[in-house]
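Asker: Handing over my_file.tsv, TSV, C-alpha atoms.
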chain	number	residue	atom	x	y	z
A	1	MET	CA	45.24	-41.43	126.44
A	2	THR	CA	46.80	-40.56	123.14
A	3	SER	CA	50.30	-39.61	124.15
A	4	GLU	CA	52.96	-40.60	121.62
A	5	SER	CA	55.75	-40.13	124.15
A	6	GLY	CA	57.79	-43.25	124.84
A	7	ALA	CA	59.32	-41.66	127.94
A	8	LYS	CA	55.88	-41.22	129.47
A	9	ALA	CA	54.98	-44.78	128.52
A	10	ILE	CA	57.69	-46.25	130.71
A	11	VAL	CA	56.02	-44.89	133.82
A	12	ASP	CA	52.50	-45.73	132.62
A	13	PRO	CA	51.71	-49.47	132.43
A	14	ASP	CA	48.45	-48.57	130.70
A	15	HIS	CA	50.13	-46.82	127.79
A	16	LEU	CA	49.19	-48.12	124.34
A	17	PRO	CA	52.32	-48.46	122.22
A	18	ILE	CA	52.66	-46.44	119.05
A	19	TRP	CA	52.89	-49.01	116.28
A	20	ASP	CA	55.54	-47.34	114.17
A	21	ASP	CA	57.82	-46.21	117.00
A	22	PRO	CA	60.65	-48.75	117.30
A	23	ALA	CA	61.24	-47.64	120.92
A	24	GLN	CA	57.67	-48.66	121.81
A	25	ALA	CA	56.89	-51.55	119.47
A	26	MET	CA	60.02	-53.68	119.50
A	27	TYR	CA	60.11	-56.23	116.73
A	28	ARG	CA	63.41	-58.03	116.83
A	29	GLN	CA	65.80	-58.25	113.97
A	30	VAL	CA	66.62	-61.78	113.02
A	31	THR	CA	70.27	-62.78	113.08
A	32	ILE	CA	71.71	-63.91	109.76
A	33	ASP	CA	74.96	-65.83	109.38
A	34	LEU	CA	75.91	-65.27	105.74
A	35	ASP	CA	78.53	-68.03	105.81
A	36	LYS	CA	75.74	-70.54	106.42
A	37	CYS	CA	73.36	-69.08	103.81
A	38	ASP	CA	73.26	-70.84	100.44
A	39	GLY	CA	70.61	-68.54	98.97
A	40	CYS	CA	67.97	-71.28	98.72
A	41	LYS	CA	65.22	-68.70	99.35
A	42	LEU	CA	63.12	-70.96	101.58
A	43	CYS	CA	63.21	-68.51	104.51
A	44	VAL	CA	62.16	-65.68	102.19
A	45	VAL	CA	59.20	-67.78	101.06
A	46	VAL	CA	58.02	-68.89	104.52
A	47	CYS	CA	58.42	-65.61	106.44
A	48	PRO	CA	54.85	-64.64	107.38
A	49	ALA	CA	55.81	-60.99	107.75
A	50	ASN	CA	57.58	-60.92	104.37
A	51	LEU	CA	60.68	-59.34	105.88
A	52	LEU	CA	63.45	-61.16	104.03
A	53	GLU	CA	64.89	-60.80	100.55
A	54	LEU	CA	67.75	-62.20	98.50
A	55	PHE	CA	70.61	-60.05	97.27
A	56	GLY	CA	73.90	-60.42	95.46
A	57	PRO	CA	75.04	-62.01	92.18
A	58	LYS	CA	72.98	-64.88	90.78
A	59	ASP	CA	75.61	-67.49	91.53
A	60	ASN	CA	76.08	-66.31	95.11
A	61	LEU	CA	72.69	-65.20	96.42
A	62	LYS	CA	72.38	-64.44	100.13
A	63	VAL	CA	69.49	-63.44	102.35
A	64	ARG	CA	69.09	-60.13	104.13
A	65	LEU	CA	66.42	-58.16	105.94
A	66	LYS	CA	64.41	-55.65	104.00
A	67	GLY	CA	64.66	-52.15	105.43
A	68	ASP	CA	61.63	-52.33	107.70
A	69	VAL	CA	61.41	-55.21	110.19
A	70	THR	CA	58.06	-54.19	111.68
A	71	GLY	CA	55.96	-57.26	112.17
A	72	CYS	CA	58.53	-59.99	112.94
A	73	MET	CA	56.68	-62.32	115.31
A	74	SER	CA	59.90	-64.19	116.23
A	75	CYS	CA	58.16	-67.34	115.01
A	76	ASN	CA	61.47	-68.73	113.73
A	77	ASN	CA	59.86	-70.36	110.71
A	78	CYS	CA	62.95	-69.06	108.89
A	79	PHE	CA	65.17	-71.13	111.19
A	80	ALA	CA	62.94	-74.21	110.96
A	81	VAL	CA	63.36	-74.45	107.17
A	82	CYS	CA	67.04	-73.45	107.02
A	83	ALA	CA	69.29	-76.44	106.33
A	84	GLY	CA	72.35	-74.43	107.39
A	85	GLN	CA	70.71	-72.98	110.54
A	86	GLY	CA	71.87	-69.59	109.33
A	87	VAL	CA	68.88	-67.39	110.17
A	88	PHE	CA	67.04	-67.04	113.45
A	89	ALA	CA	65.24	-64.75	115.87
A	90	THR	CA	66.68	-64.79	119.38
A	91	GLU	CA	64.16	-62.71	121.30
A	92	PRO	CA	60.38	-62.30	121.41
A	93	TYR	CA	58.75	-59.08	120.26
A	94	ASP	CA	57.89	-56.70	123.04
A	95	PHE	CA	55.95	-53.50	123.65
A	96	VAL	CA	56.24	-50.65	126.06
A	97	GLY	CA	53.26	-50.16	128.38
A	98	PHE	CA	50.04	-52.17	128.27
A	99	TYR	CA	51.28	-54.97	125.99
A	100	ALA	CA	54.69	-55.47	127.64
A	101	GLN	CA	55.78	-59.11	127.77
A	102	LYS	CA	55.53	-60.46	131.28
A	103	ARG	CA	56.60	-63.59	133.14
A	104	ILE	CA	58.85	-64.85	130.38
A	105	GLY	CA	62.44	-66.06	130.24
A	106	ALA	CA	65.07	-66.34	127.52
A	107	PHE	CA	64.59	-68.26	124.27
A	108	ALA	CA	65.40	-71.95	124.63
A	109	GLN	CA	65.27	-74.99	122.40
A	110	PRO	CA	63.03	-77.82	123.69
A	111	ARG	CA	64.57	-79.12	126.90
A	112	LYS	CA	64.50	-82.77	127.95
A	113	PHE	CA	63.48	-83.38	131.53
B	1	MET	CA	69.29	-135.72	113.86
B	2	THR	CA	70.82	-136.22	110.41
B	3	ASP	CA	72.02	-133.30	108.33
B	4	THR	CA	69.02	-133.59	106.02
B	5	LEU	CA	65.67	-132.54	107.38
B	6	ASP	CA	62.55	-134.53	106.76
B	7	LEU	CA	59.00	-133.44	107.17
B	8	GLU	CA	58.79	-134.78	110.69
B	9	ASP	CA	61.79	-132.71	111.77
B	10	LEU	CA	60.33	-129.53	110.31
B	11	GLU	CA	57.13	-130.07	112.23
B	12	ALA	CA	59.14	-130.59	115.38
B	13	LEU	CA	61.01	-127.33	114.77
B	14	GLU	CA	57.80	-125.41	114.21
B	15	ASN	CA	56.43	-126.75	117.47
B	16	LEU	CA	59.65	-125.80	119.19
B	17	GLU	CA	59.38	-122.19	118.00
B	18	CYS	CA	55.86	-122.05	119.29
B	19	GLU	CA	57.11	-123.00	122.70
B	20	VAL	CA	59.82	-120.33	122.66
B	21	GLU	CA	57.55	-117.50	121.48
B	22	PRO	CA	54.07	-118.16	122.76
B	23	GLU	CA	51.30	-115.99	121.39
B	24	GLU	CA	50.90	-112.85	123.47
B	25	THR	CA	47.87	-113.05	125.74
B	26	LYS	CA	45.61	-110.11	126.46
B	27	ALA	CA	47.07	-109.81	129.97
B	28	ASP	CA	50.63	-109.81	128.57
B	29	ARG	CA	49.73	-107.11	126.10
B	30	THR	CA	48.20	-104.91	128.80
B	31	ALA	CA	51.28	-105.36	130.96
B	32	ARG	CA	53.58	-104.51	128.04
B	33	ARG	CA	51.66	-101.31	127.27
B	34	ARG	CA	51.72	-100.24	130.91
B	35	THR	CA	55.46	-100.77	130.96
B	36	ALA	CA	55.92	-98.81	127.75
B	37	ILE	CA	53.99	-95.86	129.14
B	38	HIS	CA	55.42	-95.73	132.63
B	39	ASP	CA	58.97	-96.86	132.08
B	40	ILE	CA	60.26	-93.44	131.04
B	41	GLU	CA	63.64	-92.34	132.32
B	42	PRO	CA	64.42	-88.65	132.86
B	43	GLY	CA	65.92	-87.14	129.71
B	44	ALA	CA	64.39	-89.79	127.44
B	45	ASP	CA	64.07	-89.04	123.75
B	46	TRP	CA	60.87	-87.44	122.45
B	47	ASN	CA	58.03	-89.84	121.80
B	48	ASP	CA	55.88	-89.55	118.67
B	49	VAL	CA	53.32	-87.24	120.24
B	50	GLU	CA	55.96	-84.92	121.68
B	51	HIS	CA	57.80	-84.95	118.37
B	52	ALA	CA	54.66	-83.86	116.53
B	53	MET	CA	54.19	-81.02	119.02
B	54	LEU	CA	57.79	-79.85	118.76
B	55	THR	CA	58.07	-79.93	114.98
B	56	ARG	CA	54.70	-78.33	114.27
B	57	ARG	CA	55.02	-74.95	112.65
B	58	SER	CA	52.31	-72.61	111.42
B	59	ILE	CA	52.56	-73.24	107.69
B	60	ARG	CA	51.68	-70.39	105.36
B	61	ARG	CA	53.13	-71.58	102.05
B	62	PHE	CA	51.63	-74.68	100.49
B	63	LYS	CA	52.22	-76.82	97.45
B	64	GLY	CA	49.41	-76.70	94.91
B	65	ARG	CA	48.58	-80.39	95.33
B	66	GLN	CA	45.29	-81.16	97.09
B	67	VAL	CA	45.30	-83.25	100.28
B	68	PRO	CA	43.62	-86.66	99.77
B	69	GLU	CA	40.08	-86.75	101.12
B	70	PHE	CA	40.81	-89.70	103.42
B	71	MET	CA	43.47	-87.69	105.25
B	72	ILE	CA	41.07	-84.86	106.04
B	73	ARG	CA	38.54	-87.43	107.24
B	74	ARG	CA	41.24	-89.04	109.36
B	75	ILE	CA	42.18	-85.69	110.92
B	76	LEU	CA	38.56	-84.84	111.68
B	77	GLU	CA	38.20	-88.25	113.29
B	78	MET	CA	40.85	-87.18	115.81
B	79	ALA	CA	38.88	-83.96	116.39
B	80	ARG	CA	35.87	-86.01	117.40
B	81	PHE	CA	37.80	-87.39	120.38
B	82	ALA	CA	38.94	-84.06	121.80
B	83	PRO	CA	38.00	-83.29	125.41
B	84	SER	CA	35.30	-80.68	126.03
B	85	GLN	CA	33.51	-79.14	128.98
B	86	GLY	CA	30.74	-81.49	130.15
B	87	ASN	CA	31.53	-83.56	127.05
B	88	CYS	CA	29.32	-81.05	125.22
B	89	GLN	CA	31.45	-81.12	122.03
B	90	PRO	CA	30.30	-77.65	120.95
B	91	TRP	CA	31.70	-77.88	117.43
B	92	SER	CA	30.84	-78.60	113.85
B	93	PHE	CA	32.99	-78.33	110.74
B	94	ILE	CA	32.79	-77.00	107.21
B	95	VAL	CA	35.46	-78.35	104.89
B	96	ILE	CA	36.15	-76.18	101.86
B	97	ARG	CA	38.18	-77.61	99.01
B	98	ASP	CA	36.60	-75.48	96.33
B	99	LYS	CA	39.09	-72.99	94.88
B	100	ALA	CA	36.44	-70.49	93.81
B	101	MET	CA	34.91	-70.51	97.27
B	102	ILE	CA	38.25	-70.03	99.01
B	103	ALA	CA	38.96	-67.12	96.64
B	104	GLU	CA	35.62	-65.59	97.57
B	105	MET	CA	36.40	-65.98	101.29
B	106	GLU	CA	39.74	-64.32	100.67
B	107	GLN	CA	38.16	-61.34	98.88
B	108	SER	CA	35.60	-60.91	101.61
B	109	CYS	CA	38.30	-60.76	104.32
B	110	VAL	CA	40.51	-58.44	102.27
B	111	ALA	CA	37.61	-55.99	101.91
B	112	VAL	CA	37.17	-55.89	105.71
B	113	CYS	CA	40.92	-55.39	106.23
B	114	LYS	CA	40.94	-52.52	103.75
B	115	GLY	CA	38.13	-50.85	105.68
B	116	MET	CA	39.88	-51.43	109.00
B	117	THR	CA	43.18	-50.13	107.71
B	118	ALA	CA	41.56	-46.95	106.46
B	119	SER	CA	39.86	-46.27	109.79
B	120	VAL	CA	42.54	-47.34	112.30
B	121	ASP	CA	45.96	-47.21	110.63
B	122	TYR	CA	47.37	-43.91	111.87
B	123	THR	CA	50.85	-44.97	110.76
B	124	HIS	CA	49.79	-44.20	107.21
B	125	TYR	CA	49.95	-40.47	108.02
B	126	PRO	CA	53.07	-38.46	108.92
B	127	GLN	CA	53.91	-37.72	112.56
B	128	GLY	CA	52.39	-34.49	113.75
B	129	SER	CA	49.64	-34.38	111.09
B	130	ALA	CA	46.03	-33.67	112.06
B	131	GLU	CA	44.80	-36.87	110.31
B	132	ARG	CA	47.21	-38.97	112.30
B	133	ALA	CA	46.17	-37.43	115.60
B	134	ALA	CA	42.47	-37.94	114.83
B	135	ILE	CA	42.85	-41.58	113.78
B	136	LEU	CA	45.22	-42.32	116.65
B	137	GLU	CA	42.66	-41.10	119.15
B	138	ASN	CA	39.92	-43.19	117.56
B	139	THR	CA	42.14	-46.28	117.32
B	140	GLN	CA	43.21	-46.06	120.93
B	141	LYS	CA	39.57	-45.81	122.03
B	142	LEU	CA	38.84	-49.00	120.11
B	143	ASN	CA	41.99	-50.47	121.59
B	144	ARG	CA	40.80	-49.82	125.14
B	145	ALA	CA	37.41	-51.33	124.37
B	146	SER	CA	38.86	-54.36	122.59
B	147	PRO	CA	42.50	-54.91	123.58
B	148	ASN	CA	42.73	-58.34	121.93
B	149	SER	CA	41.36	-57.44	118.51
B	150	PHE	CA	43.48	-54.31	118.35
B	151	HIS	CA	46.71	-55.90	119.53
B	152	PRO	CA	49.64	-54.36	117.60
B	153	VAL	CA	50.70	-57.69	116.06
B	154	PRO	CA	47.52	-58.49	114.10
B	155	MET	CA	47.32	-54.82	113.08
B	156	THR	CA	50.54	-55.29	111.13
B	157	ALA	CA	49.03	-58.35	109.45
B	158	ILE	CA	45.79	-56.51	108.67
B	159	LYS	CA	47.79	-53.86	106.83
B	160	SER	CA	49.62	-56.56	104.87
B	161	ILE	CA	46.34	-58.24	103.95
B	162	ALA	CA	44.84	-54.93	102.86
B	163	ASN	CA	47.76	-54.17	100.55
B	164	GLY	CA	47.86	-57.69	99.14
B	165	ARG	CA	51.19	-58.77	100.64
B	166	PHE	CA	49.65	-61.51	102.76
B	167	ALA	CA	46.87	-63.97	101.91
B	168	VAL	CA	44.37	-64.68	104.70
B	169	PHE	CA	43.95	-68.36	103.76
B	170	HIS	CA	47.51	-68.70	102.42
B	171	LYS	CA	46.25	-70.23	99.14
B	172	ALA	CA	45.81	-73.52	100.99
B	173	PRO	CA	44.08	-76.35	99.10
B	174	THR	CA	41.80	-77.23	102.04
B	175	VAL	CA	40.28	-74.95	104.67
B	176	ILE	CA	38.47	-76.35	107.70
B	177	LEU	CA	36.07	-73.89	109.32
B	178	ILE	CA	35.36	-74.67	112.97
B	179	LEU	CA	31.89	-73.64	114.06
B	180	LYS	CA	31.08	-73.09	117.70
B	181	ASP	CA	27.77	-74.10	119.25
B	182	THR	CA	27.03	-70.95	121.24
B	183	ARG	CA	24.99	-73.01	123.75
B	184	GLY	CA	28.06	-74.99	124.85
B	185	VAL	CA	28.89	-75.70	128.49
B	186	GLY	CA	31.05	-73.12	130.28
B	187	VAL	CA	33.44	-71.46	127.83
B	188	PRO	CA	32.93	-73.08	124.41
B	189	GLU	CA	35.78	-71.01	122.92
B	190	VAL	CA	38.18	-73.09	124.98
B	191	ASP	CA	36.74	-76.29	123.51
B	192	ILE	CA	37.21	-74.82	120.03
B	193	GLY	CA	40.88	-74.31	120.83
B	194	VAL	CA	41.19	-77.84	122.13
B	195	VAL	CA	39.49	-79.46	119.15
B	196	GLY	CA	41.64	-77.41	116.80
B	197	THR	CA	44.77	-78.59	118.56
B	198	ASN	CA	43.75	-82.18	117.88
B	199	ILE	CA	43.27	-81.25	114.21
B	200	VAL	CA	46.62	-79.51	113.95
B	201	LEU	CA	48.62	-82.24	115.69
B	202	ALA	CA	46.89	-85.05	113.79
B	203	ALA	CA	47.70	-83.27	110.52
B	204	GLN	CA	51.31	-82.76	111.63
B	205	SER	CA	51.65	-86.47	112.36
B	206	LEU	CA	50.52	-87.21	108.78
B	207	GLY	CA	53.15	-84.90	107.28
B	208	LEU	CA	50.70	-82.11	106.52
B	209	GLY	CA	51.06	-78.43	107.36
B	210	THR	CA	48.39	-76.32	109.05
B	211	CYS	CA	47.80	-72.78	110.14
B	212	TRP	CA	45.16	-71.38	112.45
B	213	ILE	CA	43.27	-68.58	110.70
B	214	GLY	CA	41.63	-66.36	113.30
B	215	PHE	CA	41.07	-63.79	110.57
B	216	ALA	CA	38.42	-66.15	109.21
B	217	ARG	CA	36.13	-64.52	111.76
B	218	LEU	CA	36.18	-61.46	109.52
B	219	LEU	CA	33.69	-63.44	107.42
B	220	ASN	CA	31.19	-62.79	110.20
B	221	SER	CA	30.76	-59.35	108.64
B	222	ASN	CA	29.39	-61.02	105.50
B	223	PRO	CA	26.15	-62.77	106.61
B	224	PRO	CA	24.90	-63.70	103.11
B	225	PHE	CA	28.14	-65.55	102.43
B	226	LEU	CA	28.00	-67.31	105.81
B	227	GLU	CA	24.48	-68.44	105.04
B	228	ARG	CA	25.64	-69.88	101.74
B	229	LEU	CA	28.49	-71.70	103.51
B	230	GLY	CA	26.05	-73.28	105.94
B	231	VAL	CA	26.73	-71.28	109.11
B	232	ALA	CA	23.47	-70.80	111.01
B	233	PRO	CA	22.39	-70.30	114.64
B	234	PRO	CA	23.06	-71.64	117.17
B	235	PHE	CA	26.39	-72.10	115.39
B	236	GLU	CA	28.91	-69.33	114.82
B	237	LEU	CA	32.08	-69.27	112.80
B	238	ALA	CA	34.78	-69.45	115.48
B	239	GLU	CA	38.07	-70.34	113.81
B	240	ALA	CA	39.56	-71.82	110.69
B	241	ILE	CA	42.52	-74.07	110.03
B	242	CYS	CA	44.07	-74.34	106.60
B	243	VAL	CA	45.65	-77.62	105.58
B	244	GLY	CA	48.06	-78.57	102.82
B	245	TYR	CA	51.48	-79.90	101.95
B	246	PRO	CA	54.16	-77.49	103.18
B	247	ILE	CA	56.80	-76.04	100.87
B	248	GLY	CA	60.34	-76.92	101.98
B	249	ASN	CA	60.98	-78.98	105.07
B	250	PRO	CA	59.65	-77.05	108.06
B	251	THR	CA	60.17	-79.99	110.40
B	252	GLN	CA	63.89	-79.93	109.67
B	253	GLN	CA	64.68	-78.58	113.10
B	254	THR	CA	62.87	-77.44	116.21
B	255	VAL	CA	62.97	-73.76	117.05
B	256	ALA	CA	63.80	-71.86	120.22
B	257	ARG	CA	61.02	-70.10	122.07
B	258	GLN	CA	60.82	-68.10	125.26
B	259	THR	CA	60.25	-69.92	128.52
B	260	HIS	CA	57.32	-68.95	130.71
B	261	GLN	CA	57.17	-68.53	134.44
B	262	ILE	CA	56.00	-71.55	136.40
B	263	ILE	CA	55.03	-70.99	140.02
B	264	TRP	CA	55.54	-74.37	141.66
B	265	TRP	CA	54.06	-75.13	145.06
B	266	GLU	CA	55.13	-78.25	146.83
B	267	ASP	CA	55.45	-79.28	150.49
B	268	GLY	CA	54.37	-75.84	151.62
B	269	GLU	CA	57.09	-74.09	149.64
B	270	GLN	CA	57.00	-71.94	146.57
B	271	GLN	CA	59.57	-72.01	143.79
B	272	ILE	CA	59.75	-69.90	140.66
B	273	LEU	CA	60.76	-71.95	137.65
B	274	HIS	CA	60.95	-71.25	133.92
Could I get this structure in the form of structure tokens?

Answerer:
Amino acid sequence: MTSESGAKAIVDPDHLPIWDDPAQAMYRQVTIDLDKCDGCKLCVVVCPANLLELFGPKDNLKVRLKGDVTGCMSCNNCFAVCAGQGVFATEPYDFVGFYAQKRIGAFAQPRKF
Amino acid sequence: MTDTLDLEDLEALENLECEVEPEETKADRTARRRTAIHDIEPGADWNDVEHAMLTRRSIRRFKGRQVPEFMIRRILEMARFAPSQGNCQPWSFIVIRDKAMIAEMEQSCVAVCKGMTASVDYTHYPQGSAERAAILENTQKLNRASPNSFHPVPMTAIKSIANGRFAVFHKAPTVILILKDTRGVGVPEVDIGVVGTNIVLAAQSLGLGTCWIGFARLLNSNPPFLERLGVAPPFELAEAICVGYPIGNPTQQTVARQTHQIIWWEDGEQQILH
């Protein structure tokens, strides 16, 4: 099955997602709070998908997403290294069809039972 | 007693202290440990093992400094005590701390990724083109045959490796290759995962960073190199873990992750938890 149609995919759990179609391969944008960003560049350095970059004047650098966010694994390494807790992914990646995420709930920090 | 102490008084005091704090007997010690383990209240703070699990990140940027040899030995000592099916311990390790060799491993994997990208990456061609349609069909056939290897997530990484944006071994100073004894009991791949978890958590507890490198299996397409490394039947290269000192402070805070469904059966009733 080589259909590229996302509409068809919704009714076909066997559909293989088209990698470069954002409606079928849903990599989440990370949320960035610029007030908390001090431009230290650590998140840019640790991002495994190389999705972040610094911008702005040298004395006031801030982080932003590069144009294409394909490949964000929602690993939150950016959040783990951020002293200001200013950058984070809030949802897992997901796919339409065969690779759809199943039996999961919302993101949560470690819970104490 | 006068306000000046003589030798006799000091001796008396020492004896007195001995009476107040008697040396812990073996039975006392056992009892204390049992209490420490079982006396956990709901909501208690994370213990050291839990803390290591929660602060572990997959580290892909390392400082240039080599990890001391004793630390790697210490980590591999923890690996030795991992559980395995039938206690068969179907593993063996190759530790590589040789920069030239790691560079060679890197090149070998990059070559495979370049080949893979050329033959499966339909996204390289514009929508509606004949090339794209042909490669897409081929890729999806491979995908059906091997849904794990052709998962969309590693495909993105393979492209990044091929175009040099992403290093397979992350320029780590030490790489541990985990070899699998193919004659292991049951499912030896599971034991490889378990032994690697011991490695990763032990390293975390020592302040080191690690990353699992499944792409190391790409080296299986380079038999002469594997032979040089020391991989030979009945052993196969199963996984790799790179080790080094992380850049920044990745244990600064724990991260949020999705919850997973837990089907909980108790007293004849089923509950769905997350």

Asker: Which residues of chain B are close to chain A, meaning at most 7 Å apart when you count all atoms listed in the file, and how do they look as number ranges by chain?

Answerer: B: 42-43, 57, 60-61, 123, 136-137, 140, 152-153, 156, 248-261, 274

Asker: How many Å separate atom CA of B:Val67 from atom CA of B:Ala52?

Answerer: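 Going from atom CA of B:Val67 over to atom CA of B:Ala52 covers 18.8 Å.
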
Asker: Counting only C-alpha atoms, which residues sit no farther than 10 Å from the position (33.3, -73.5, 104.0) in the file's frame? I'd like them as a list in words.

Answerer: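 Residues satisfying the cut-off, written out: Phe93, Ile94, Val95, Ile96, Arg97, Asp98, Met101, Ile102, Met105, Thr174, Val175, Ile176, Leu177, Ile178, Phe225, Leu226, Arg228, Leu229, Gly230, Val231, Leu237 and Ala240 of chain B.
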
Asker: Any chance you can output those residues with C-alpha atoms as a tab-separated table (two decimals), in the coordinates of the input?

Answerer:
chain	number	residue	atom	x	y	z
B	93	PHE	CA	32.99	-78.33	110.74
B	94	ILE	CA	32.79	-77.00	107.21
B	95	VAL	CA	35.46	-78.35	104.89
B	96	ILE	CA	36.15	-76.18	101.86
B	97	ARG	CA	38.18	-77.61	99.01
B	98	ASP	CA	36.60	-75.48	96.33
B	101	MET	CA	34.91	-70.51	97.27
B	102	ILE	CA	38.25	-70.03	99.01
B	105	MET	CA	36.40	-65.98	101.29
B	174	THR	CA	41.80	-77.23	102.04
B	175	VAL	CA	40.28	-74.95	104.67
B	176	ILE	CA	38.47	-76.35	107.70
B	177	LEU	CA	36.07	-73.89	109.32
B	178	ILE	CA	35.36	-74.67	112.97
B	225	PHE	CA	28.14	-65.55	102.43
B	226	LEU	CA	28.00	-67.31	105.81
B	228	ARG	CA	25.64	-69.88	101.74
B	229	LEU	CA	28.49	-71.70	103.51
B	230	GLY	CA	26.05	-73.28	105.94
B	231	VAL	CA	26.73	-71.28	109.11
B	237	LEU	CA	32.08	-69.27	112.80
B	240	ALA	CA	39.56	-71.82	110.69

Asker: To one decimal in Å, tell me the separation between atom CA of B:Ala232 and atom CA of B:Cys88.

Answerer: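 Taking atom CA of B:Ala232 as the start and atom CA of B:Cys88 as the end point, the length is 18.5 Å.
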
Asker: Using atom CA of B:Val194 and atom CA of B:Pro147 as the two end points, give the distance in Å to one decimal.

Answerer: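 Between atom CA of B:Val194 and atom CA of B:Pro147 the gap is 23.0 Å.
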
Asker: Skipping near chain neighbours, those fewer than 6 positions away, what residues fall within 9 Å of A:Leu54 using all atoms listed in the file, listed as a list of chain:residue names?

Answerer: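 Returned residues: A:Gly39, A:Lys41, A:Val44, A:Leu61, A:Lys62, A:Val63, A:Arg64, A:Leu65.
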
Asker: Mind checking which residues fall within 12 Å of B:Pro233, counting only C-alpha atoms, ignoring those fewer than 6 positions away in the same chain, and posting them as a list of chain:residue names?

Answerer: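 Once the adjacent positions are removed, what remains is B:Ser92, B:Leu179, B:Lys180, B:Asp181, B:Thr182, B:Arg183, B:Pro223, B:Leu226, B:Glu227.
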
Asker: Fewer than 5 positions away in the same chain doesn't count, so skip those; otherwise give me all residues within 8 Å of B:Ala79, counting all atoms listed in the file, as a list of chain:residue names.

Answerer: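 My reading of the contact set: B:Val195, B:Gly196, B:Asn198, B:Ile199.
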